[in-house]
Amino acid sequence: MKVRNQKYLNAFGAHLKELIKQKRKTAEVVAALGGIETKQVYRIINGEHSATLSILVAIAQGLEIHPKKLLDFEFDFEERSKHTTANIKGILLYLQFITD
């Protein structure tokens, strides 16, 4: 599987780990309450897996929070945008070069 932004997955995993700690729960309890496999929670915490919407809802249920709280964390989206813009400029330059 191609990962588009490993830094984002890692930041989200760290945020999830902190939420679990704040709620004084374990990944096992969160998974059980959410009706998902424990390994899914650990893979997300470790930045090994990008969660689907249904998994996010299950984790939120396990944490007893609204799902939007899962996405309320700091991440430098500006850096991501600059990288994407640089890639697009490179592609455009290449296309211009091959069409000349």
# chains A, B, ... in the order shown; residues from 1 in each chain; ligands from 1
>>> residues_around(residues="A:Thr26", least_positions_apart="2", cutoff="10 Å", atoms="only C-alpha atoms", output="ChimeraX atom specification")
/A:17,20-21,23-24,28-32,38,41,62-63
>>> residues_around(residues="stretch 47-61 of chain A", least_positions_apart="5", cutoff="8 Å", atoms="only C-alpha atoms", output="list in words")
Gln6, Leu9, Asn10, Ala11, Phe12, Gly13, Val30, Ala31, Leu33, Gly34, Gly35, Ile36, Gln40, Val41, His66, Pro67 and Leu70 of chain A
>>> write_last_selection(atoms="C-alpha atoms", output="short mmCIF file (atom, residue, chain, number, x, y, z; two decimals), in the first residue's frame")
data_model
loop_
_atom_site.label_atom_id
_atom_site.label_comp_id
_atom_site.auth_asym_id
_atom_site.auth_seq_id
_atom_site.Cartn_x
_atom_site.Cartn_y
_atom_site.Cartn_z
CA GLN A 6 3.44 9.06 6.76
CA LEU A 9 -0.42 9.00 10.02
CA ASN A 10 2.20 9.27 12.75
CA ALA A 11 0.71 12.50 14.10
CA PHE A 12 -2.77 10.99 14.12
CA GLY A 13 -1.47 7.87 15.88
CA VAL A 30 -11.26 0.91 23.15
CA ALA A 31 -11.30 -1.87 20.56
CA LEU A 33 -16.14 -1.14 23.20
CA GLY A 34 -15.95 -0.16 19.54
CA GLY A 35 -16.39 -3.71 18.28
CA ILE A 36 -13.12 -3.86 16.34
CA GLN A 40 -6.46 -2.30 14.24
CA VAL A 41 -6.12 0.23 17.05
CA HIS A 66 -17.61 12.39 19.26
CA PRO A 67 -15.71 11.24 16.13
CA LEU A 70 -10.32 12.29 16.77
#
>>> atom_distance(atom1="atom CA of A:Phe75", atom2="atom CA of A:Leu16")
13.4 Å
